[in-house]
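Trainee: Contents are mmCIF, C-alpha atoms and all ligand atoms; file name protein_27.cif:
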```
data_upload
loop_
_atom_site.label_atom_id
_atom_site.label_comp_id
_atom_site.auth_asym_id
_atom_site.auth_seq_id
_atom_site.Cartn_x
_atom_site.Cartn_y
_atom_site.Cartn_z
CA MET K 1 38.24 108.14 -67.40
CA LEU K 2 40.21 106.88 -64.41
CA THR K 3 43.11 108.93 -63.04
CA ALA K 4 45.26 108.20 -60.02
CA ILE K 5 47.00 110.97 -58.10
CA VAL K 6 49.84 109.45 -56.15
CA GLY K 7 52.94 110.40 -54.16
CA ILE K 8 56.37 109.92 -55.73
CA ASN K 9 58.38 110.38 -52.53
CA TRP K 10 57.91 109.79 -48.78
CA GLY K 11 54.45 111.35 -48.61
CA ASP K 12 53.53 114.97 -47.75
CA GLU K 13 54.19 115.97 -51.35
CA GLY K 14 51.09 118.17 -51.42
CA LYS K 15 48.73 115.57 -52.88
CA GLY K 16 45.72 117.02 -51.04
CA ARG K 17 46.35 120.41 -52.61
CA MET K 18 46.69 118.94 -56.12
CA VAL K 19 43.61 116.72 -55.75
CA ASP K 20 41.65 119.74 -54.58
CA LEU K 21 42.82 121.65 -57.65
CA LEU K 22 42.36 118.89 -60.23
CA SER K 23 39.16 117.40 -58.79
CA LYS K 24 37.11 120.11 -60.51
CA GLU K 25 37.44 118.04 -63.70
CA TYR K 26 36.20 114.85 -62.01
CA ASP K 27 32.82 113.57 -60.85
CA ILE K 28 34.17 111.12 -58.27
CA VAL K 29 37.18 111.15 -55.90
CA ALA K 30 38.10 107.92 -54.10
CA ARG K 31 40.53 107.12 -51.31
CA TYR K 32 41.77 103.55 -51.74
CA GLN K 33 44.21 102.84 -48.91
CA GLY K 34 45.41 103.96 -45.50
CA GLY K 35 43.60 105.49 -42.58
CA ASN K 36 43.90 108.63 -40.48
CA ASN K 37 47.67 108.28 -40.22
CA ALA K 38 48.35 111.05 -42.72
CA GLY K 39 46.92 114.49 -43.21
CA HIS K 40 46.08 116.21 -46.46
CA THR K 41 46.09 119.96 -46.14
CA VAL K 42 43.77 121.87 -48.44
CA ILE K 43 43.40 125.65 -48.46
CA ASN K 44 40.56 127.17 -50.47
CA HIS K 45 37.89 129.88 -50.21
CA LEU K 46 36.19 128.05 -47.30
CA GLY K 47 39.35 128.03 -45.18
CA LYS K 48 42.16 125.66 -44.26
CA PHE K 49 41.29 122.00 -43.82
CA ILE K 50 43.30 119.01 -42.69
CA LEU K 51 41.70 115.86 -44.03
CA ASN K 52 42.80 112.56 -42.54
CA LEU K 53 40.13 110.15 -43.73
CA LEU K 54 37.77 112.00 -46.05
CA PRO K 55 38.73 112.29 -49.72
CA SER K 56 39.79 115.82 -50.69
CA GLY K 57 36.88 116.05 -53.15
CA ILE K 58 34.60 116.56 -50.13
CA LEU K 59 35.37 120.29 -50.43
CA ARG K 60 33.66 120.45 -53.84
CA PRO K 61 29.89 120.02 -53.42
CA GLU K 62 29.35 118.47 -56.87
CA VAL K 63 31.95 115.69 -56.35
CA VAL K 64 30.96 112.23 -55.04
CA ASN K 65 33.54 110.91 -52.57
CA ILE K 66 34.35 107.26 -52.01
CA MET K 67 36.12 105.64 -49.07
CA GLY K 68 37.20 102.32 -50.54
CA ASN K 69 37.62 98.78 -49.24
CA GLY K 70 41.41 99.25 -49.07
CA MET K 71 41.02 101.81 -46.27
CA VAL K 72 41.10 101.30 -42.52
CA ILE K 73 38.65 103.63 -40.79
CA ASP K 74 38.66 104.81 -37.19
CA LEU K 75 34.96 105.60 -36.67
CA GLU K 76 35.53 108.03 -33.82
CA HIS K 77 38.04 109.98 -35.87
CA LEU K 78 35.72 109.98 -38.89
CA SER K 79 32.87 111.30 -36.77
CA GLY K 80 35.08 114.15 -35.48
CA GLU K 81 36.37 114.97 -38.96
CA MET K 82 32.84 115.12 -40.37
CA ASP K 83 31.71 117.38 -37.50
CA ARG K 84 34.65 119.76 -38.00
CA LEU K 85 33.96 120.11 -41.72
CA ARG K 86 30.24 120.61 -41.21
CA GLN K 87 30.94 123.36 -38.69
CA ALA K 88 33.05 125.07 -41.37
CA GLY K 89 30.11 124.95 -43.77
CA VAL K 90 30.97 121.84 -45.81
CA GLN K 91 27.93 119.78 -46.87
CA ILE K 92 28.29 116.04 -46.22
CA SER K 93 25.49 113.61 -47.02
CA PRO K 94 25.08 110.05 -48.35
CA GLU K 95 24.78 111.73 -51.76
CA ASN K 96 28.36 112.99 -51.77
CA LEU K 97 30.04 110.48 -49.44
CA LYS K 98 29.91 106.70 -49.86
CA ILE K 99 31.82 104.33 -47.61
CA SER K 100 32.62 100.78 -48.70
CA ASN K 101 30.94 98.01 -46.74
CA ARG K 102 34.25 96.13 -47.16
CA ALA K 103 36.43 98.81 -45.55
CA VAL K 104 37.97 97.69 -42.27
CA ILE K 105 37.24 99.42 -38.96
CA CYS K 106 40.24 100.59 -36.93
CA LEU K 107 39.27 99.89 -33.31
CA PRO K 108 40.48 101.47 -30.04
CA TYR K 109 42.58 98.38 -29.26
CA HIS K 110 44.47 98.80 -32.53
CA VAL K 111 45.55 102.25 -31.41
CA MET K 112 46.46 100.79 -28.02
CA GLN K 113 48.50 97.99 -29.59
CA ASP K 114 50.30 100.44 -31.88
CA CYS K 115 51.37 102.57 -28.89
CA LEU K 116 52.33 99.55 -26.78
CA GLU K 117 54.53 98.17 -29.57
CA GLU K 118 56.30 101.49 -30.21
CA GLU K 119 57.00 101.75 -26.47
CA ARG K 120 58.26 98.16 -26.33
CA LEU K 121 60.63 98.87 -29.22
CA LYS K 122 62.09 101.94 -27.45
CA ASP K 123 65.01 103.25 -29.54
CA ALA K 124 64.30 100.74 -32.31
CA LYS K 125 60.80 102.12 -32.87
CA TYR K 126 59.40 102.44 -36.41
CA GLY K 127 58.19 105.97 -35.94
CA SER K 128 54.56 104.93 -36.17
CA THR K 129 51.91 107.64 -36.13
CA ARG K 130 50.31 105.55 -33.33
CA ARG K 131 46.91 105.59 -35.00
CA GLY K 132 46.57 101.80 -35.02
CA ILE K 133 47.28 101.36 -38.71
CA ALA K 134 49.80 98.47 -38.63
CA PRO K 135 47.78 96.39 -36.09
CA VAL K 136 44.51 96.86 -37.99
CA TYR K 137 46.03 95.91 -41.36
CA GLY K 138 47.68 92.96 -39.56
CA ASP K 139 44.28 91.85 -38.27
CA LYS K 140 42.76 92.28 -41.73
CA TYR K 141 45.21 89.75 -43.14
CA LEU K 142 44.80 87.49 -40.11
CA LYS K 143 41.06 87.66 -40.89
CA LYS K 144 40.26 89.02 -37.45
CA ALA K 145 38.92 92.41 -38.56
CA ILE K 146 35.47 93.98 -38.28
CA ARG K 147 34.27 95.61 -41.48
CA MET K 148 31.90 98.51 -42.11
CA GLY K 149 29.15 96.26 -43.46
CA ASP K 150 29.13 94.29 -40.16
CA LEU K 151 27.52 97.32 -38.50
CA PHE K 152 24.23 96.45 -40.21
CA ASN K 153 23.87 93.27 -38.15
CA PRO K 154 24.65 94.14 -34.52
CA GLN K 155 23.81 90.69 -33.20
CA ALA K 156 26.21 88.85 -35.48
CA LEU K 157 28.76 91.62 -34.96
CA ARG K 158 28.66 91.19 -31.18
CA GLN K 159 29.10 87.45 -31.49
CA ARG K 160 32.10 87.77 -33.78
CA LEU K 161 33.56 90.54 -31.65
CA THR K 162 33.40 88.31 -28.57
CA GLY K 163 35.77 85.77 -30.17
CA ILE K 164 38.09 88.45 -31.53
CA VAL K 165 38.33 90.33 -28.23
CA GLU K 166 39.20 87.10 -26.40
CA TRP K 167 42.01 86.57 -28.92
CA LYS K 168 43.20 90.19 -28.84
CA ASN K 169 43.38 90.18 -25.04
CA LEU K 170 45.89 87.33 -25.17
CA THR K 171 48.23 89.72 -26.96
CA LEU K 172 47.43 92.79 -24.88
CA GLN K 173 47.84 90.98 -21.55
CA GLN K 174 50.47 88.36 -22.24
CA VAL K 175 52.72 90.18 -24.70
CA TYR K 176 52.41 93.73 -23.38
CA ASN K 177 51.25 93.22 -19.82
CA ALA K 178 48.45 95.70 -20.49
CA GLU K 179 44.86 95.93 -19.27
CA PRO K 180 42.42 93.77 -21.26
CA VAL K 181 39.62 95.37 -23.28
CA THR K 182 35.99 94.34 -22.81
CA VAL K 183 33.49 93.27 -25.46
CA ASP K 184 30.99 95.77 -24.01
CA ALA K 185 33.34 98.73 -24.35
CA ILE K 186 34.29 97.94 -27.96
CA TYR K 187 30.70 97.10 -28.92
CA ASP K 188 29.39 100.34 -27.38
CA TRP K 189 32.07 102.32 -29.23
CA LEU K 190 31.07 100.63 -32.50
CA MET K 191 27.40 101.44 -31.98
CA LYS K 192 28.01 105.01 -30.80
CA PHE K 193 30.16 106.02 -33.76
CA GLY K 194 28.89 103.46 -36.28
CA GLU K 195 25.14 104.05 -36.17
CA PRO K 196 25.23 107.66 -37.42
CA ILE K 197 27.21 106.64 -40.49
CA LEU K 198 25.07 103.65 -41.53
CA PRO K 199 23.38 105.66 -44.33
CA TYR K 200 26.80 106.24 -45.91
CA ILE K 201 27.83 102.56 -46.02
CA THR K 202 27.19 100.78 -49.28
CA ASP K 203 28.64 98.43 -51.88
CA VAL K 204 30.65 101.15 -53.60
CA GLY K 205 31.65 98.79 -56.42
CA VAL K 206 28.04 98.71 -57.64
CA TYR K 207 27.84 102.50 -57.51
CA LEU K 208 31.20 102.98 -59.24
CA ASN K 209 30.61 100.51 -62.06
CA ASP K 210 27.29 102.17 -62.75
CA ALA K 211 28.77 105.65 -62.69
CA LEU K 212 31.63 104.65 -65.01
CA ARG K 213 29.19 103.09 -67.46
CA GLN K 214 27.50 106.49 -67.58
CA GLY K 215 30.82 108.04 -68.56
CA LYS K 216 31.63 109.67 -65.21
CA LYS K 217 35.24 110.69 -64.56
CA MET K 218 36.94 109.28 -61.51
CA MET K 219 40.05 110.20 -59.59
CA PHE K 220 41.87 108.04 -57.05
CA GLU K 221 43.56 109.93 -54.23
CA ALA K 222 46.53 108.24 -52.63
CA GLN K 223 47.86 108.79 -49.16
CA LEU K 224 51.64 108.73 -48.54
CA GLY K 225 54.15 108.05 -51.32
CA ALA K 226 55.93 105.32 -53.27
CA LEU K 227 58.74 105.01 -50.71
CA ARG K 228 56.16 104.16 -48.03
CA ASP K 229 54.47 101.41 -50.04
CA ILE K 230 54.33 98.10 -48.15
CA ASP K 231 55.91 96.18 -51.07
CA PHE K 232 58.11 98.71 -52.85
CA GLY K 233 58.90 101.19 -50.09
CA ILE K 234 61.73 101.26 -47.55
CA TYR K 235 60.55 98.23 -45.56
CA PRO K 236 59.92 98.06 -42.61
CA TYR K 237 59.78 101.86 -42.48
CA THR K 238 56.77 101.76 -44.75
CA SER K 239 53.11 102.19 -44.18
CA SER K 240 51.07 98.98 -43.97
CA SER K 241 49.09 99.59 -47.16
CA SER K 242 49.70 99.74 -50.92
CA THR K 243 50.27 103.37 -51.79
CA ILE K 244 50.90 102.72 -55.46
CA ALA K 245 48.67 103.56 -58.41
CA ALA K 246 48.36 99.93 -59.54
CA TYR K 247 46.44 99.15 -56.33
CA ALA K 248 44.02 102.08 -56.73
CA PRO K 249 41.23 100.25 -58.61
CA ILE K 250 41.47 97.31 -56.19
CA GLY K 251 41.39 99.42 -53.04
CA ALA K 252 38.56 101.58 -54.34
CA GLY K 253 36.29 98.66 -55.21
CA ILE K 254 36.60 98.26 -59.00
CA PRO K 255 39.44 95.73 -59.38
CA GLY K 256 38.60 94.92 -62.99
CA ARG K 257 39.19 98.47 -64.23
CA LYS K 258 42.43 99.89 -65.58
CA LEU K 259 43.83 103.37 -65.03
CA ASP K 260 43.96 105.81 -67.93
CA HIS K 261 46.35 108.27 -66.25
CA THR K 262 48.67 108.45 -63.29
CA ILE K 263 49.73 111.86 -62.07
CA GLY K 264 52.70 111.72 -59.70
CA ILE K 265 53.03 114.41 -57.05
CA MET K 266 56.66 115.19 -56.36
CA LYS K 267 58.10 117.79 -54.05
CA ALA K 268 60.82 120.22 -55.21
CA TYR K 269 62.95 119.04 -52.24
CA SER K 270 62.78 116.01 -49.92
CA THR K 271 61.00 115.49 -46.61
CA CYS K 272 60.45 112.39 -44.55
CA VAL K 273 58.48 111.69 -41.39
CA GLY K 274 59.47 108.84 -39.13
CA GLU K 275 62.47 106.55 -38.88
CA GLY K 276 64.53 104.70 -41.48
CA PRO K 277 67.18 105.56 -44.06
CA PHE K 278 66.85 109.04 -45.58
CA THR K 279 69.98 109.42 -47.68
CA VAL K 280 69.67 113.13 -48.44
CA GLU K 281 68.98 114.24 -44.86
CA MET K 282 70.37 117.64 -43.94
CA PHE K 283 71.15 118.68 -40.38
CA GLY K 284 71.84 121.83 -38.36
CA GLU K 285 71.16 125.33 -39.63
CA GLU K 286 70.79 124.30 -43.25
CA ALA K 287 68.01 121.85 -42.30
CA GLU K 288 66.36 124.34 -39.93
CA ALA K 289 66.19 126.96 -42.68
CA LEU K 290 64.51 124.59 -45.16
CA ARG K 291 62.14 123.19 -42.52
CA ALA K 292 61.08 126.68 -41.49
CA ALA K 293 60.72 127.89 -45.11
CA GLY K 294 58.55 124.90 -46.02
CA GLY K 295 56.61 124.69 -42.74
CA GLU K 296 57.66 121.05 -42.57
CA TYR K 297 55.77 119.81 -39.55
CA GLY K 298 53.44 116.79 -39.86
CA ALA K 299 49.81 117.64 -40.65
CA ALA K 300 48.52 114.67 -38.61
CA THR K 301 51.05 114.68 -35.77
CA GLY K 302 52.83 118.07 -35.70
CA ARG K 303 56.20 116.28 -35.70
CA PRO K 304 59.10 118.17 -37.34
CA ARG K 305 59.86 116.49 -40.66
CA ARG K 306 63.34 115.43 -41.71
CA VAL K 307 64.40 117.52 -44.71
CA GLY K 308 66.91 117.37 -47.56
CA PRO K 309 67.53 118.33 -51.16
CA PHE K 310 65.68 116.80 -54.11
CA ASP K 311 66.68 113.15 -54.48
CA VAL K 312 66.91 112.04 -58.11
CA VAL K 313 67.62 108.38 -57.27
CA ALA K 314 64.61 107.96 -54.97
CA SER K 315 62.30 110.07 -57.15
CA ARG K 316 63.16 108.25 -60.39
CA TYR K 317 62.37 105.01 -58.56
CA GLY K 318 59.12 106.52 -57.29
CA VAL K 319 58.12 107.55 -60.83
CA GLN K 320 58.77 104.01 -62.08
CA VAL K 321 56.94 102.26 -59.25
CA GLN K 322 53.94 104.54 -59.73
CA GLY K 323 54.00 104.31 -63.51
CA ALA K 324 53.42 108.07 -63.64
CA ASP K 325 52.74 109.58 -67.06
CA CYS K 326 53.11 113.15 -65.85
CA LEU K 327 54.20 114.94 -62.69
CA ALA K 328 53.24 117.87 -60.52
CA LEU K 329 56.23 119.50 -58.85
CA THR K 330 55.10 121.11 -55.61
CA LYS K 331 56.48 123.71 -53.21
CA MET K 332 58.83 125.26 -55.78
CA ASP K 333 58.35 128.63 -54.04
CA ILE K 334 59.97 127.28 -50.87
CA LEU K 335 63.36 127.10 -52.61
CA SER K 336 63.32 130.80 -53.52
CA TYR K 337 65.56 131.75 -50.57
CA LEU K 338 68.53 129.65 -51.71
CA ASP K 339 71.55 131.14 -53.56
CA ARG K 340 72.28 127.74 -55.03
CA ILE K 341 70.10 124.67 -54.85
CA PRO K 342 71.53 121.28 -53.93
CA VAL K 343 70.27 118.21 -55.80
CA CYS K 344 71.25 114.61 -55.06
CA THR K 345 72.01 113.01 -58.44
CA ALA K 346 73.37 109.61 -57.38
CA TYR K 347 74.31 107.60 -54.29
CA ASP K 348 77.78 106.59 -53.26
CA VAL K 349 77.50 103.08 -51.80
CA ASN K 350 80.83 102.08 -50.27
CA GLY K 351 82.75 103.82 -53.06
CA THR K 352 80.50 102.71 -55.94
CA ILE K 353 78.30 105.31 -57.63
CA VAL K 354 74.76 103.96 -58.05
CA HIS K 355 71.78 105.40 -59.90
CA ASP K 356 69.20 102.69 -59.14
CA PHE K 357 67.46 102.86 -55.78
CA PRO K 358 69.32 100.36 -53.54
CA TYR K 359 67.95 97.68 -51.21
CA GLY K 360 68.75 96.91 -47.56
CA ASP K 361 72.29 97.55 -46.36
CA ASP K 362 73.27 99.29 -49.59
CA LEU K 363 70.58 101.85 -48.87
CA ASN K 364 71.64 102.13 -45.22
CA ASN K 365 75.21 102.88 -46.33
CA ALA K 366 74.37 105.21 -49.21
CA LYS K 367 75.81 108.75 -49.19
CA PRO K 368 74.35 111.44 -51.43
CA VAL K 369 76.28 112.75 -54.44
CA ILE K 370 75.32 116.43 -54.59
CA THR K 371 75.32 118.85 -57.47
CA TYR K 372 74.30 122.52 -57.28
CA LEU K 373 71.95 124.45 -59.54
CA ASP K 374 71.56 128.23 -59.59
CA GLY K 375 68.87 129.69 -57.33
CA TRP K 376 66.40 132.30 -58.62
CA LYS K 377 66.25 134.37 -55.43
CA CYS K 378 62.90 136.03 -56.06
CA ASP K 379 59.26 135.50 -55.19
CA ILE K 380 57.60 133.13 -57.67
CA THR K 381 54.26 132.73 -55.89
CA LYS K 382 52.54 135.11 -58.34
CA CYS K 383 53.75 133.22 -61.43
CA ARG K 384 50.85 131.73 -63.41
CA LYS K 385 52.41 130.99 -66.82
CA PRO K 386 55.73 129.35 -67.73
CA GLU K 387 56.90 132.74 -69.10
CA ASP K 388 56.42 134.29 -65.64
CA LEU K 389 58.98 131.95 -64.08
CA PRO K 390 62.61 133.14 -63.79
CA GLN K 391 65.01 131.26 -66.09
CA ALA K 392 66.80 129.57 -63.16
CA ALA K 393 63.46 128.11 -61.98
CA VAL K 394 62.69 126.83 -65.48
CA ASP K 395 66.19 125.30 -65.61
CA TYR K 396 65.59 123.57 -62.27
CA ILE K 397 62.28 122.13 -63.50
CA ARG K 398 63.78 120.95 -66.80
CA TYR K 399 66.79 119.42 -65.06
CA ILE K 400 64.63 117.40 -62.65
CA GLU K 401 62.25 116.35 -65.41
CA GLN K 402 65.14 115.02 -67.48
CA GLN K 403 66.71 113.26 -64.49
CA VAL K 404 63.57 111.42 -63.36
CA GLY K 405 62.43 110.65 -66.91
CA CYS K 406 58.86 111.98 -66.79
CA PRO K 407 57.33 115.28 -67.93
CA ILE K 408 56.45 117.87 -65.27
CA LYS K 409 53.05 119.23 -66.24
CA TYR K 410 52.12 121.25 -63.17
CA VAL K 411 54.33 123.39 -60.96
CA SER K 412 52.86 124.46 -57.66
CA VAL K 413 54.17 127.82 -56.43
CA GLY K 414 51.99 128.33 -53.34
CA ALA K 415 49.49 126.64 -51.05
CA GLU K 416 46.35 128.36 -52.39
CA ARG K 417 44.15 126.73 -55.01
CA GLU K 418 45.23 128.99 -57.91
CA ASP K 419 48.97 129.13 -57.14
CA TYR K 420 50.21 126.95 -59.98
CA VAL K 421 51.69 127.00 -63.46
CA VAL K 422 50.89 124.57 -66.27
CA MET K 423 54.11 123.87 -68.16
CA LYS K 424 54.14 123.57 -71.93
P1 LIG W 501 49.93 115.74 -48.63
O1 LIG W 501 49.77 114.81 -47.48
O2 LIG W 501 50.70 115.12 -49.75
O3 LIG W 501 48.65 116.36 -49.09
O4 LIG W 501 50.82 116.93 -48.12
P2 LIG W 501 50.69 117.80 -46.77
O5 LIG W 501 49.32 118.32 -46.67
O6 LIG W 501 51.27 117.10 -45.63
O7 LIG W 501 51.73 118.92 -47.07
C1 LIG W 501 51.55 119.86 -48.01
C2 LIG W 501 51.66 121.22 -47.32
O8 LIG W 501 52.24 122.12 -48.18
C3 LIG W 501 50.31 121.81 -46.99
O9 LIG W 501 50.42 122.66 -45.88
C4 LIG W 501 49.97 122.60 -48.24
O10 LIG W 501 49.05 123.65 -48.01
C5 LIG W 501 51.31 123.11 -48.60
N1 LIG W 501 51.58 123.26 -50.02
C6 LIG W 501 51.24 122.42 -51.03
N2 LIG W 501 51.75 122.85 -52.19
C7 LIG W 501 52.44 123.99 -51.89
C8 LIG W 501 53.22 124.90 -52.67
O11 LIG W 501 53.43 124.74 -53.86
N3 LIG W 501 53.79 125.94 -51.99
C9 LIG W 501 53.62 126.15 -50.66
N4 LIG W 501 54.22 127.19 -50.11
N5 LIG W 501 52.90 125.30 -49.92
C10 LIG W 501 52.31 124.24 -50.52
#
```
Translate the structure of the given file into structure tokens.
Mentor:
Amino acid sequence: MLTAIVGINWGDEGKGRMVDLLSKEYDIVARYQGGNNAGHTVINHLGKFILNLLPSGILRPEVVNIMGNGMVIDLEHLSGEMDRLRQAGVQISPENLKISNRAVICLPYHVMQDCLEEERLKDAKYGSTRRGIAPVYGDKYLKKAIRMGDLFNPQALRQRLTGIVEWKNLTLQQVYNAEPVTVDAIYDWLMKFGEPILPYITDVGVYLNDALRQGKKMMFEAQLGALRDIDFGIYPYTSSSSTIAAYAPIGAGIPGRKLDHTIGIMKAYSTCVGEGPFTVEMFGEEAEALRAAGGEYGAATGRPRRVGPFDVVASRYGVQVQGADCLALTKMDILSYLDRIPVCTAYDVNGTIVHDFPYGDDLNNAKPVITYLDGWKCDITKCRKPEDLPQAAVDYIRYIEQQVGCPIKYVSVGAEREDYVVMK
């Protein structure tokens, strides 16, 4: 069985927490896109973990974790992340972590280029996480990337790197007026952080096809959400990878396989990190209160997130793009402080009411049409069954479910592993 767990919104929906919860039913968890530009927060009996690169299944010893070919991997960051987890008592070995030989390495000059470009753009910046993600995906498609499997042949790697560094320095020096990088420095970095992980690098497609033939269950863990997808998101304020479920088998290394299920993770209100149109954005005290209640500060960067009410238009679009067959609604407990809960049901685009997610200028000009639902004004973090939830909370769930056109199966009412309700 193949299941994808994907974000319906702008990312930070609580995917890490849901993967951690649901992964107990799976043998394999695979990341299929992105790099260390996002953080998945998981809280369980071992403690609180922020995972940037490692799949969330790493916290369950019996799960095999895959880092797929669709990922871009900063070796230094990976090494630090593995060390941190090990210090906290997490077992990591080539038995429970397999890294695709086709995954692309995010190099120090990609991080440099990312920062230089954001600085060049000044006020027009994209709001990049400055982790090198856009430059490294750019190089992948320009066919100037170094891949994990290249680490097995240092001589050939050095030769190829020499040509690439010469090319990269043209950009660094002549576009950005920056210091050039040297082949020696990049090569040494690759050897220092690459050698220790050689035992983990393999053709994961061979492993996965074998495992699936044996009837193993596999889960794909997405990073970011539908509205950050390179094709279907709010371009150019997207990530540089495909965040959608349809890409999961490709980015994990089994392109010929089809998904059986797609679980969409959707937040009970909206948050957005970075620049670009965010129709439902709230400001002032109202925004501060929601941000504080939800602890809405980036897991990878610490940046305060932009916040707003639940956005039906964007979420319905997210559900469609992901092809979700059921949803998990997260952070319901955060809304408990509100007397009445705002929900954006449509957009007003220059006087026309629209229900389909708009493109370009229409999106830039969209104003939210807000409706209010009753709040429940009580602690719901101890609710474990649908009957435990106050009626107003059930009404909120049912309303959203009907508006986005997909059943809500799970409702998350707290950050801990067991804080959730399975809806009937
Ligand atoms: P991800 O990138 O989609 O995994 O999301 P983040 O890790 O950036 O954000 C989710 C944050 O919310 C983490 O700090 C989680 O521990 C926390 N969280 C997830 N679900 C819930 C929930 O239902 N209630 C509360 N209070 N916190 C939650």
Trainee: Given all atoms listed in the file, how would the per-residue table for chain K near ligand LIG 501 (chain W) read, listing every residue at most 7 Å away with its closest atom pair and distance in Å to one decimal, sorted by chain and number, as JSON lines?
Mentor:
```
{"residue": "K:Gly7", "atom": "CA", "partner": "W:LIG501", "partner_atom": "O2", "distance": 6.8}
{"residue": "K:Gly11", "atom": "CA", "partner": "W:LIG501", "partner_atom": "O2", "distance": 5.4}
{"residue": "K:Asp12", "atom": "CA", "partner": "W:LIG501", "partner_atom": "O4", "distance": 3.4}
{"residue": "K:Glu13", "atom": "CA", "partner": "W:LIG501", "partner_atom": "O2", "distance": 3.9}
{"residue": "K:Gly14", "atom": "CA", "partner": "W:LIG501", "partner_atom": "O2", "distance": 3.5}
{"residue": "K:Lys15", "atom": "CA", "partner": "W:LIG501", "partner_atom": "O2", "distance": 3.7}
{"residue": "K:Gly16", "atom": "CA", "partner": "W:LIG501", "partner_atom": "O3", "distance": 3.6}
{"residue": "K:Arg17", "atom": "CA", "partner": "W:LIG501", "partner_atom": "C6", "distance": 5.5}
{"residue": "K:Ala38", "atom": "CA", "partner": "W:LIG501", "partner_atom": "O1", "distance": 6.2}
{"residue": "K:Gly39", "atom": "CA", "partner": "W:LIG501", "partner_atom": "O1", "distance": 5.1}
{"residue": "K:His40", "atom": "CA", "partner": "W:LIG501", "partner_atom": "O3", "distance": 3.7}
{"residue": "K:Thr41", "atom": "CA", "partner": "W:LIG501", "partner_atom": "O5", "distance": 3.7}
{"residue": "K:Val42", "atom": "CA", "partner": "W:LIG501", "partner_atom": "O10", "distance": 5.6}
{"residue": "K:Ile43", "atom": "CA", "partner": "W:LIG501", "partner_atom": "O10", "distance": 6.0}
{"residue": "K:Gln223", "atom": "CA", "partner": "W:LIG501", "partner_atom": "O1", "distance": 6.5}
{"residue": "K:Leu224", "atom": "CA", "partner": "W:LIG501", "partner_atom": "O1", "distance": 6.4}
{"residue": "K:Gly294", "atom": "CA", "partner": "W:LIG501", "partner_atom": "N4", "distance": 6.4}
{"residue": "K:Gly298", "atom": "CA", "partner": "W:LIG501", "partner_atom": "O6", "distance": 6.2}
{"residue": "K:Ala299", "atom": "CA", "partner": "W:LIG501", "partner_atom": "O6", "distance": 5.2}
{"residue": "K:Thr330", "atom": "CA", "partner": "W:LIG501", "partner_atom": "O11", "distance": 4.4}
{"residue": "K:Lys331", "atom": "CA", "partner": "W:LIG501", "partner_atom": "O11", "distance": 3.3}
{"residue": "K:Met332", "atom": "CA", "partner": "W:LIG501", "partner_atom": "O11", "distance": 5.8}
{"residue": "K:Asp333", "atom": "CA", "partner": "W:LIG501", "partner_atom": "N3", "distance": 5.7}
{"residue": "K:Ile334", "atom": "CA", "partner": "W:LIG501", "partner_atom": "N4", "distance": 5.8}
{"residue": "K:Ser412", "atom": "CA", "partner": "W:LIG501", "partner_atom": "O11", "distance": 3.9}
{"residue": "K:Val413", "atom": "CA", "partner": "W:LIG501", "partner_atom": "O11", "distance": 4.1}
{"residue": "K:Gly414", "atom": "CA", "partner": "W:LIG501", "partner_atom": "N3", "distance": 3.3}
{"residue": "K:Ala415", "atom": "CA", "partner": "W:LIG501", "partner_atom": "C10", "distance": 3.7}
{"residue": "K:Glu416", "atom": "CA", "partner": "W:LIG501", "partner_atom": "O10", "distance": 7.0}
```
Trainee: Rounded to one decimal, what separation in Å do you get between CA of Ile397 (chain K) and CA of Lys382 (chain K)?
Mentor: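 If I compute the distance from CA of Ile397 (chain K) to CA of Lys382 (chain K), I get 17.0 Å.
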Trainee: Report the distance between CA of Asn153 (chain K) and CA of Asp184 (chain K) in Å, rounded to one decimal place.
Mentor: 16.0 Å
Trainee: For a test of reading the model, state the distance in Å between CA of Val313 (chain K) and CA of Val404 (chain K), rounded to one decimal.
Mentor: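 A separation of 7.9 Å between them.
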Trainee: With distances taken over all atoms listed in the file, which of K:Ser128, K:Thr262, K:Ser100, K:Gln173 is nearest to Pro199 (chain K)?
Mentor: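 Among the listed residues, K:Ser100 lies closest to Pro199 (chain K).
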Trainee: Compile the contact shell of Arg384 (chain K) as JSON, numbers by chain: residues with an atom at most 8 Å away, counting all atoms listed in the file, same-chain residues fewer than 6 positions apart removed.
Mentor: {"K": [419, 420, 421, 422]}
Trainee: What's the 7 Å shell around Asn365 (chain K), counting all atoms listed in the file, without same-chain residues fewer than 3 positions away, as a list in words?
Mentor: Val349, Asn350, Asp361 and Asp362 of chain K
Trainee: Out of K:Cys106, K:Ile92, K:Met423, K:Leu75, which residue has the shortest atom-to-atom distance to Gly138 (chain K) when counting only C-alpha atoms?
Mentor: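 That would be K:Cys106, the residue with the smallest distance to Gly138 (chain K).
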Trainee: Determine the nearest neighbour of Thr182 (chain K) from the options K:Tyr235, K:Phe152, K:Tyr137, K:Tyr109, counting all atoms listed in the file.
Mentor: K:Tyr109
Trainee: Using all atoms listed in the file, can you tell me which of K:Asn69, K:Gln402, K:Asn52, K:Thr271 comes closest to Leu327 (chain K)?
Mentor: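 Among the listed residues, K:Gln402 lies closest to Leu327 (chain K).
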Trainee: Using only C-alpha atoms, which of K:Cys378, K:Leu107, K:Leu142, K:Val354 sits nearest Glu76 (chain K)?
Mentor: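 Nearest to Glu76 (chain K): K:Leu107.
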Trainee: Hey, which of K:Gly351, K:Pro196, K:Tyr359, K:Trp10 ends up closest to Arg306 (chain K)? Count only C-alpha atoms.
Mentor: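 Nearest candidate to Arg306 (chain K) out of K:Gly351, K:Pro196, K:Tyr359, K:Trp10: K:Trp10.
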